[in-house]
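The file upload_39.csv contains CSV, C-alpha atoms:
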```csv
chain,number,residue,atom,x,y,z
A,185,MET,CA,130.7,127.1,108.3
A,186,ASP,CA,134.2,128.0,107.1
A,187,LYS,CA,135.9,129.4,110.2
A,188,ASN,CA,137.6,131.9,107.8
A,189,SER,CA,134.4,133.9,107.6
A,190,ARG,CA,133.9,137.3,106.1
A,191,TRP,CA,134.6,139.0,109.4
A,192,ILE,CA,138.4,138.5,108.8
A,193,TYR,CA,138.1,140.6,105.7
A,194,THR,CA,136.3,143.6,107.1
A,195,TYR,CA,136.6,146.1,109.9
A,196,ASP,CA,133.1,145.0,111.1
A,197,TYR,CA,132.5,142.7,114.1
A,198,ALA,CA,130.8,139.4,114.0
A,199,PRO,CA,127.5,139.8,115.9
A,200,ASP,CA,128.2,136.8,118.2
A,201,SER,CA,132.0,137.3,118.7
A,202,VAL,CA,132.3,140.1,121.3
A,203,TRP,CA,130.8,139.2,124.6
A,204,GLU,CA,131.1,135.5,125.6
A,205,PRO,CA,134.0,133.1,125.5
A,206,TRP,CA,133.7,130.0,123.3
A,207,ARG,CA,137.2,128.9,122.1
A,208,GLU,CA,138.5,125.9,124.1
A,209,SER,CA,142.2,125.1,124.5
A,210,GLU,CA,143.4,122.2,122.3
A,211,GLY,CA,147.0,122.3,123.4
A,212,VAL,CA,149.9,123.7,121.4
A,213,PRO,CA,149.2,123.1,117.7
A,214,ASP,CA,151.9,121.7,115.4
A,215,TRP,CA,152.0,124.8,113.3
A,216,MET,CA,152.9,126.9,116.4
A,217,ASN,CA,155.8,124.7,117.4
A,218,ALA,CA,157.1,124.7,113.9
A,219,GLU,CA,156.9,128.5,113.7
A,220,VAL,CA,158.6,128.9,117.1
A,221,ASP,CA,161.5,126.8,115.7
A,222,ASN,CA,161.6,128.8,112.5
A,223,VAL,CA,161.7,132.1,114.4
A,224,VAL,CA,164.4,131.0,116.9
A,225,ARG,CA,166.7,130.0,114.1
A,226,ARG,CA,166.5,133.5,112.6
A,227,LEU,CA,167.3,135.4,115.8
A,228,LYS,CA,170.6,137.1,116.5
A,229,PRO,CA,171.9,135.1,119.5
A,230,ASP,CA,174.0,137.9,121.0
A,231,LEU,CA,171.4,140.7,121.0
A,232,PRO,CA,168.7,141.4,123.6
A,233,ALA,CA,165.1,140.9,122.4
A,234,TRP,CA,161.7,142.3,123.0
A,235,LEU,CA,158.3,141.0,121.8
A,236,LEU,CA,156.6,143.7,119.7
A,237,LEU,CA,152.9,143.6,118.8
A,238,ALA,CA,150.1,145.9,117.8
A,239,ASP,CA,146.3,146.0,117.6
A,240,SER,CA,145.3,142.7,119.2
A,241,HIS,CA,141.7,143.9,119.5
A,242,PHE,CA,140.8,141.3,122.1
A,243,THR,CA,137.5,139.5,121.6
A,244,TYR,CA,136.4,136.3,123.3
A,245,HIS,CA,136.0,134.6,119.9
A,246,GLY,CA,139.4,135.8,118.8
A,247,THR,CA,142.9,134.3,118.7
A,248,TRP,CA,144.4,136.0,121.7
A,249,ASP,CA,145.0,132.7,123.6
A,250,ASP,CA,147.1,131.4,120.7
A,251,THR,CA,149.0,134.7,120.6
A,252,VAL,CA,149.9,134.4,124.2
A,253,ALA,CA,150.8,130.7,123.9
A,254,ALA,CA,153.1,131.5,120.9
A,255,MET,CA,154.8,134.3,122.8
A,256,LYS,CA,155.3,132.1,125.9
A,257,ASN,CA,156.8,129.3,123.8
A,258,LEU,CA,159.2,131.8,122.2
A,259,GLU,CA,160.2,133.2,125.6
A,260,GLU,CA,161.0,129.7,126.8
A,261,ARG,CA,163.2,129.0,123.8
A,262,SER,CA,164.9,132.4,123.6
A,263,PRO,CA,164.6,134.7,126.7
A,264,ILE,CA,163.2,138.2,126.1
A,265,SER,CA,163.8,141.5,127.9
A,266,GLY,CA,160.2,142.7,127.7
A,267,ILE,CA,157.1,143.3,125.6
A,268,VAL,CA,156.0,146.4,123.8
A,269,HIS,CA,152.3,146.6,122.8
A,270,LEU,CA,151.5,149.4,120.4
A,271,GLY,CA,147.9,149.9,121.4
A,272,ASP,CA,144.3,148.8,120.8
A,273,LEU,CA,144.1,146.0,123.3
A,274,THR,CA,140.4,145.9,123.0
A,275,ASP,CA,137.7,147.1,120.5
A,276,GLY,CA,136.5,149.9,122.7
A,277,LEU,CA,132.8,149.0,122.5
A,278,LEU,CA,131.9,147.8,126.0
A,279,PRO,CA,130.8,149.4,129.3
A,280,GLU,CA,133.8,150.7,131.2
A,281,ARG,CA,133.7,147.9,133.8
A,282,ASP,CA,133.9,145.2,131.1
A,283,THR,CA,136.6,147.0,129.1
A,284,ARG,CA,138.7,147.4,132.2
A,285,LYS,CA,138.2,143.8,133.1
A,286,ILE,CA,139.4,142.7,129.6
A,287,THR,CA,142.3,145.1,129.6
A,288,ALA,CA,143.4,143.9,133.0
A,289,GLN,CA,143.3,140.3,131.7
A,290,VAL,CA,145.3,141.1,128.5
A,291,ILE,CA,147.9,142.9,130.6
A,292,SER,CA,148.0,140.0,133.0
A,293,ASP,CA,148.6,137.6,130.1
A,294,LEU,CA,151.5,139.7,128.9
A,295,GLU,CA,153.0,139.9,132.4
A,296,SER,CA,152.8,136.2,132.7
A,297,ILE,CA,155.4,136.2,129.9
A,298,SER,CA,157.6,139.1,131.1
A,299,PRO,CA,157.3,141.5,134.0
A,300,ASN,CA,158.5,144.3,131.7
A,301,VAL,CA,155.3,145.2,129.7
A,302,TYR,CA,155.2,148.6,128.0
A,303,LEU,CA,151.9,149.8,126.6
A,304,VAL,CA,151.1,152.6,124.2
A,305,PRO,CA,147.5,153.9,124.3
A,306,GLY,CA,145.6,153.2,121.1
A,307,ASN,CA,142.5,155.0,119.9
A,308,HIS,CA,140.3,152.0,120.6
A,309,ASP,CA,141.7,151.9,124.2
A,310,TYR,CA,139.8,155.1,124.9
A,311,ASN,CA,136.5,153.0,124.8
A,312,TYR,CA,134.6,155.6,122.8
A,313,PHE,CA,133.6,153.7,119.7
A,314,ARG,CA,130.0,153.6,118.4
A,315,GLY,CA,128.8,156.3,120.7
A,316,ASN,CA,130.1,154.5,123.8
A,317,PRO,CA,129.7,157.1,126.7
A,318,ASP,CA,132.2,155.3,129.0
A,319,ILE,CA,135.4,156.9,127.7
A,320,CYS,CA,138.6,155.8,129.4
A,321,TYR,CA,141.8,157.8,129.6
A,322,PRO,CA,145.2,156.1,130.1
A,323,ASP,CA,146.9,156.3,133.4
A,324,ARG,CA,150.2,156.9,131.7
A,325,PRO,CA,149.8,158.7,128.4
A,326,GLN,CA,153.5,159.2,127.9
A,327,TYR,CA,156.6,157.8,129.6
A,328,TYR,CA,160.0,156.5,128.9
A,329,VAL,CA,162.1,153.5,130.0
A,330,ASP,CA,165.9,153.3,130.0
A,331,ILE,CA,167.9,150.1,129.3
A,332,PRO,CA,171.2,151.2,130.7
A,333,ASN,CA,173.3,148.1,129.7
A,334,GLN,CA,172.3,148.8,126.1
A,335,GLY,CA,172.4,152.6,126.2
A,336,LEU,CA,168.8,152.8,125.0
A,337,ARG,CA,165.8,154.9,125.9
A,338,PHE,CA,162.3,153.6,124.8
A,339,ILE,CA,159.9,156.6,124.6
A,340,PHE,CA,156.2,155.9,124.6
A,341,ILE,CA,153.7,158.7,123.5
A,342,ASP,CA,150.0,159.1,123.3
A,343,SER,CA,148.3,160.1,120.0
A,344,PHE,CA,144.6,160.3,120.5
A,345,ASP,CA,141.9,162.2,122.4
A,346,PRO,CA,138.2,161.6,121.6
A,347,LYS,CA,137.2,164.9,123.1
A,348,GLU,CA,139.3,167.0,120.9
A,349,PRO,CA,137.9,168.4,117.6
A,350,VAL,CA,140.9,166.8,115.9
A,351,ARG,CA,140.9,163.4,117.7
A,352,TYR,CA,144.1,162.0,116.2
A,353,GLY,CA,147.3,163.7,117.3
A,354,PHE,CA,149.6,164.8,120.0
A,355,THR,CA,149.0,167.1,123.0
A,356,ASP,CA,151.0,170.3,123.6
A,357,TYR,CA,152.1,168.7,126.8
A,358,CYS,CA,153.4,165.6,125.0
A,359,THR,CA,155.5,167.6,122.5
A,360,HIS,CA,157.0,169.7,125.3
A,361,TRP,CA,157.6,166.6,127.5
A,362,LEU,CA,159.2,164.8,124.5
A,363,GLU,CA,161.6,167.7,124.0
A,364,SER,CA,162.7,167.5,127.7
A,365,VAL,CA,163.1,163.7,127.5
A,366,PHE,CA,165.5,164.0,124.6
A,367,ARG,CA,167.3,167.0,126.1
A,368,MET,CA,168.0,165.2,129.4
A,369,MET,CA,168.8,161.8,127.8
A,370,PRO,CA,172.4,160.6,128.7
A,371,GLU,CA,174.9,161.6,126.0
A,372,ASN,CA,175.7,158.1,124.9
A,373,TYR,CA,172.1,156.9,124.7
A,374,LEU,CA,170.0,156.3,121.6
A,375,ALA,CA,166.2,156.4,121.5
A,376,ILE,CA,163.3,154.5,119.9
A,377,VAL,CA,159.9,156.3,119.9
A,378,PHE,CA,156.8,154.2,120.1
A,379,SER,CA,153.3,155.5,119.3
A,380,HIS,CA,150.0,154.1,118.2
A,381,LEU,CA,149.7,156.7,115.4
A,382,THR,CA,152.3,157.7,112.8
A,383,PRO,CA,153.3,161.3,112.9
A,384,LEU,CA,152.6,161.9,109.2
A,385,VAL,CA,149.1,162.2,107.6
A,386,ARG,CA,150.0,160.4,104.4
A,387,LEU,CA,151.2,157.3,106.3
A,388,GLN,CA,147.7,156.5,107.5
A,389,ALA,CA,144.2,156.5,106.0
A,390,TRP,CA,141.8,157.5,108.8
A,391,THR,CA,142.2,161.2,109.2
A,392,ASP,CA,143.2,164.2,107.0
A,393,ASN,CA,144.7,166.0,110.0
A,394,ILE,CA,146.9,165.0,112.8
A,395,ARG,CA,146.9,167.5,115.7
A,396,ASN,CA,150.3,169.1,116.5
A,397,ARG,CA,152.1,167.0,113.9
A,398,GLU,CA,154.3,169.9,113.0
A,399,LYS,CA,155.4,170.4,116.6
A,400,LEU,CA,156.1,166.7,117.0
A,401,ILE,CA,158.2,166.6,113.8
A,402,THR,CA,160.1,169.7,114.8
A,403,VAL,CA,161.2,167.9,118.1
A,404,LEU,CA,162.0,164.7,116.2
A,405,ASP,CA,164.1,166.5,113.6
A,406,ARG,CA,166.0,168.4,116.3
A,407,TYR,CA,167.1,165.1,117.9
A,408,ALA,CA,167.0,162.9,114.8
A,409,GLY,CA,170.7,161.9,115.1
A,410,ARG,CA,169.9,160.1,118.3
A,411,ILE,CA,166.7,158.3,117.2
A,412,LEU,CA,166.9,154.8,115.8
A,413,ALA,CA,163.3,154.6,114.6
A,414,PHE,CA,159.7,155.8,115.1
A,415,ILE,CA,157.5,152.7,115.5
A,416,ASN,CA,153.7,152.7,115.3
A,417,GLY,CA,150.7,150.5,115.0
A,418,HIS,CA,147.1,151.5,114.0
A,419,ASN,CA,147.5,150.9,110.3
A,420,HIS,CA,146.9,147.1,110.5
A,421,CYS,CA,149.7,146.5,108.0
A,422,ASP,CA,153.5,146.5,107.7
A,423,HIS,CA,154.9,149.7,106.2
A,424,LEU,CA,158.4,151.2,105.9
A,425,PHE,CA,159.0,154.9,105.4
A,426,ASN,CA,162.5,156.2,104.8
A,427,ASP,CA,161.8,159.6,103.3
A,428,LEU,CA,161.9,162.0,106.3
A,429,LYS,CA,163.8,165.1,105.4
A,430,ASN,CA,166.2,164.6,108.3
A,431,GLY,CA,167.3,161.3,106.7
A,432,LYS,CA,168.3,159.9,110.1
A,433,PHE,CA,165.6,157.4,111.0
A,434,PRO,CA,162.7,155.5,109.5
A,435,ILE,CA,159.0,155.4,110.4
A,436,ILE,CA,157.9,151.7,110.8
A,437,SER,CA,154.2,150.5,111.0
A,438,VAL,CA,153.7,147.1,112.5
A,439,ASN,CA,150.9,144.7,111.3
A,440,CYS,CA,148.0,143.9,113.6
A,441,ALA,CA,148.1,140.9,115.9
A,442,LYS,CA,144.4,140.4,115.3
A,443,CYS,CA,143.7,137.8,112.6
A,444,GLU,CA,142.5,140.2,109.9
A,445,TYR,CA,143.1,140.4,106.2
A,446,PHE,CA,142.0,143.1,103.8
A,447,THR,CA,143.8,145.8,101.8
A,448,GLU,CA,141.5,148.8,102.2
A,449,HIS,CA,142.4,151.9,104.1
A,450,LYS,CA,146.2,151.4,103.9
A,451,PRO,CA,149.0,153.8,103.1
A,452,GLU,CA,150.7,153.6,99.8
A,453,ARG,CA,153.2,150.7,99.5
A,454,ALA,CA,151.8,149.0,102.6
A,455,MET,CA,152.3,145.2,102.9
A,456,VAL,CA,149.2,143.4,104.1
A,457,PRO,CA,150.1,139.8,104.7
A,458,TYR,CA,147.5,137.0,104.0
A,459,ARG,CA,145.9,135.7,107.2
A,460,ARG,CA,144.0,132.5,107.9
A,461,LEU,CA,142.7,130.8,111.0
A,462,GLY,CA,144.3,127.6,112.1
A,463,ASP,CA,147.9,128.0,110.6
A,464,ARG,CA,150.9,130.2,111.2
A,465,THR,CA,149.4,133.1,109.3
A,466,GLN,CA,146.8,133.4,112.0
A,467,GLU,CA,149.5,135.2,114.1
A,468,SER,CA,151.5,138.3,113.3
A,469,PHE,CA,154.0,139.8,115.8
A,470,ASP,CA,157.7,140.5,116.0
A,471,VAL,CA,160.8,139.7,118.0
A,472,MET,CA,162.6,143.1,118.0
A,473,GLN,CA,166.4,143.0,118.6
A,474,VAL,CA,168.4,146.2,119.0
A,475,ASP,CA,172.2,146.6,118.5
A,476,GLY,CA,172.9,150.1,119.9
A,477,ARG,CA,176.6,150.0,118.9
A,478,SER,CA,175.9,149.5,115.2
A,479,LYS,CA,172.6,151.4,115.4
A,480,GLU,CA,170.7,148.5,113.9
A,481,ILE,CA,167.3,147.0,114.7
A,482,TYR,CA,166.1,143.5,113.6
A,483,PHE,CA,162.4,142.6,113.4
A,484,THR,CA,161.9,138.8,113.1
A,485,ARG,CA,158.3,138.1,112.3
A,486,PHE,CA,156.3,135.3,113.9
A,487,GLY,CA,153.5,134.3,111.6
A,488,ALA,CA,152.2,136.4,108.7
A,489,GLY,CA,154.5,138.9,107.2
A,490,ARG,CA,158.2,139.4,106.5
A,491,ASP,CA,161.3,140.2,108.6
A,492,ARG,CA,162.6,143.8,108.5
A,493,MET,CA,165.7,145.6,109.6
A,494,VAL,CA,167.1,149.1,110.2
A,495,VAL,CA,170.6,149.5,108.9
A,496,ASN,CA,172.4,152.8,108.0
A,497,HIS,CA,169.3,154.8,109.2
A,498,LYS,CA,167.0,153.0,106.7
A,499,ALA,CA,164.4,150.3,107.1
A,500,ALA,CA,164.4,147.4,104.7
A,501,TRP,CA,162.6,144.2,104.0
A,502,VAL,CA,164.7,141.1,104.6
```
Could I get this file's structure written as structure tokens?
Amino acid sequence: MDKNSRWIYTYDYAPDSVWEPWRESEGVPDWMNAEVDNVVRRLKPDLPAWLLLADSHFTYHGTWDDTVAAMKNLEERSPISGIVHLGDLTDGLLPERDTRKITAQVISDLESISPNVYLVPGNHDYNYFRGNPDICYPDRPQYYVDIPNQGLRFIFIDSFDPKEPVRYGFTDYCTHWLESVFRMMPENYLAIVFSHLTPLVRLQAWTDNIRNREKLITVLDRYAGRILAFINGHNHCDHLFNDLKNGKFPIISVNCAKCEYFTEHKPERAMVPYRRLGDRTQESFDVMQVDGRSKEIYFTRFGAGRDRMVVNHKAAWV
């Protein structure tokens, strides 16, 4: 059977691909070594770097082991400062004990690459899909991390609650907390906000309402001059949005690390890169580099997709 089966082209799950491991390690493939070389050549040598990925949706029959191997090889060639995962570590279908076991393993894999691992809760991470009664809430729904030598504050916020009538969105506490985090940020610092969900309804395809989006945008607009970007996952595509009224920062969606390729349920002007098992397009994640002095961000893509950058408050394809 062609290993690029129909499961790559739908949101459905292969019936035998969720519960038991089957993939065996075959060493580092040639395409991975070649892609590591290609990425390292494109990096800015004088800027700190973070690995950035989203929506890995771990399954035992998936490609997570290759994703980890690729990130480890990159870190060995070009040291990184940490890893940001934008949510949906798992599919959220299993009993709580199994989901927590898988989540712990994914986090352990990331920590084997860098001790600085920053997670954003995704909607699937709540473990509520298909009527699953074992709902899990994150231990840290929102938090921030300062990088003093770069004058940066990374802010991580939650964007989902399966028990709310409007499940997608931001709590009152989150918006008040975010306001205080910006207000108390050192004067010379700049911020990047990370979320699983975009703050604008039209930039996603799964809900016609986002709870407290107006309150969130009000806070973001108030401190827009100190924000470099709002970066989210969830959409399973790459997307750049520069049309906020404040004109100070873009909203950037990051493609899914899961090997998946289809164009349905995407925002307008989304880029959905072709994916295939067994070559470089199987993978899709970024090396994110930030230059706080020039207020620029560079996203160098490993695998499927294109490089992007933020310059002069705007995101652009490279």
- Task: List every protein, DNA or RNA residue that has an atom no more than 12 Å from (157.4, 140.5, 134.0) in the file's coordinate frame, counting only C-alpha atoms, and report them as a ChimeraX atom specification.
- Result: /A:234,256,259,263-268,291-302
- Query: Pick the closest to Asp272 of chain A from A:Ile481, A:Leu236, A:Ala441, A:Ala253: which is it, counting all atoms listed in the file?
  - Reply: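 Under the stated criterion, the closest residue is A:Ala441.
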Using all atoms listed in the file, find each residue in segment 260-340 of chain A having at least one atom no more than 12 Å away from segment 348-370 of chain A; report its shortest atom-to-atom pair and that distance in Å (one decimal), rows by chain then rising number, as JSON lines.
```
{"residue": "A:Pro305", "atom": "CA", "partner": "A:Phe354", "partner_atom": "CA", "distance": 11.9}
{"residue": "A:Gly306", "atom": "CA", "partner": "A:Tyr352", "partner_atom": "CA", "distance": 10.2}
{"residue": "A:Asn307", "atom": "CA", "partner": "A:Tyr352", "partner_atom": "CA", "distance": 8.1}
{"residue": "A:His308", "atom": "CA", "partner": "A:Tyr352", "partner_atom": "CA", "distance": 11.6}
{"residue": "A:Tyr310", "atom": "CA", "partner": "A:Arg351", "partner_atom": "CA", "distance": 11.0}
{"residue": "A:Tyr312", "atom": "CA", "partner": "A:Arg351", "partner_atom": "CA", "distance": 11.2}
{"residue": "A:Arg324", "atom": "CA", "partner": "A:Cys358", "partner_atom": "CA", "distance": 11.4}
{"residue": "A:Pro325", "atom": "CA", "partner": "A:Cys358", "partner_atom": "CA", "distance": 8.5}
{"residue": "A:Gln326", "atom": "CA", "partner": "A:Cys358", "partner_atom": "CA", "distance": 7.0}
{"residue": "A:Tyr327", "atom": "CA", "partner": "A:Val365", "partner_atom": "CA", "distance": 9.0}
{"residue": "A:Tyr328", "atom": "CA", "partner": "A:Val365", "partner_atom": "CA", "distance": 8.0}
{"residue": "A:Val329", "atom": "CA", "partner": "A:Val365", "partner_atom": "CA", "distance": 10.5}
{"residue": "A:Asp330", "atom": "CA", "partner": "A:Met369", "partner_atom": "CA", "distance": 9.2}
{"residue": "A:Ile331", "atom": "CA", "partner": "A:Pro370", "partner_atom": "CA", "distance": 11.4}
{"residue": "A:Pro332", "atom": "CA", "partner": "A:Pro370", "partner_atom": "CA", "distance": 9.7}
{"residue": "A:Gly335", "atom": "CA", "partner": "A:Pro370", "partner_atom": "CA", "distance": 8.4}
{"residue": "A:Leu336", "atom": "CA", "partner": "A:Pro370", "partner_atom": "CA", "distance": 9.4}
{"residue": "A:Arg337", "atom": "CA", "partner": "A:Met369", "partner_atom": "CA", "distance": 7.8}
{"residue": "A:Phe338", "atom": "CA", "partner": "A:Val365", "partner_atom": "CA", "distance": 10.5}
{"residue": "A:Ile339", "atom": "CA", "partner": "A:Leu362", "partner_atom": "CA", "distance": 8.2}
{"residue": "A:Phe340", "atom": "CA", "partner": "A:Leu362", "partner_atom": "CA", "distance": 9.4}
```
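Among the candidates A:Leu278, A:Leu461, A:Leu237, A:Val456, the residue lying nearest to Trp215 of chain A is A:Leu461 (atoms considered: all atoms listed in the file).
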- Judged by all atoms listed in the file, the minimum distance to Thr391 of chain A among A:Met455, A:Asn419, A:Val474, A:Phe425 is found for A:Asn419
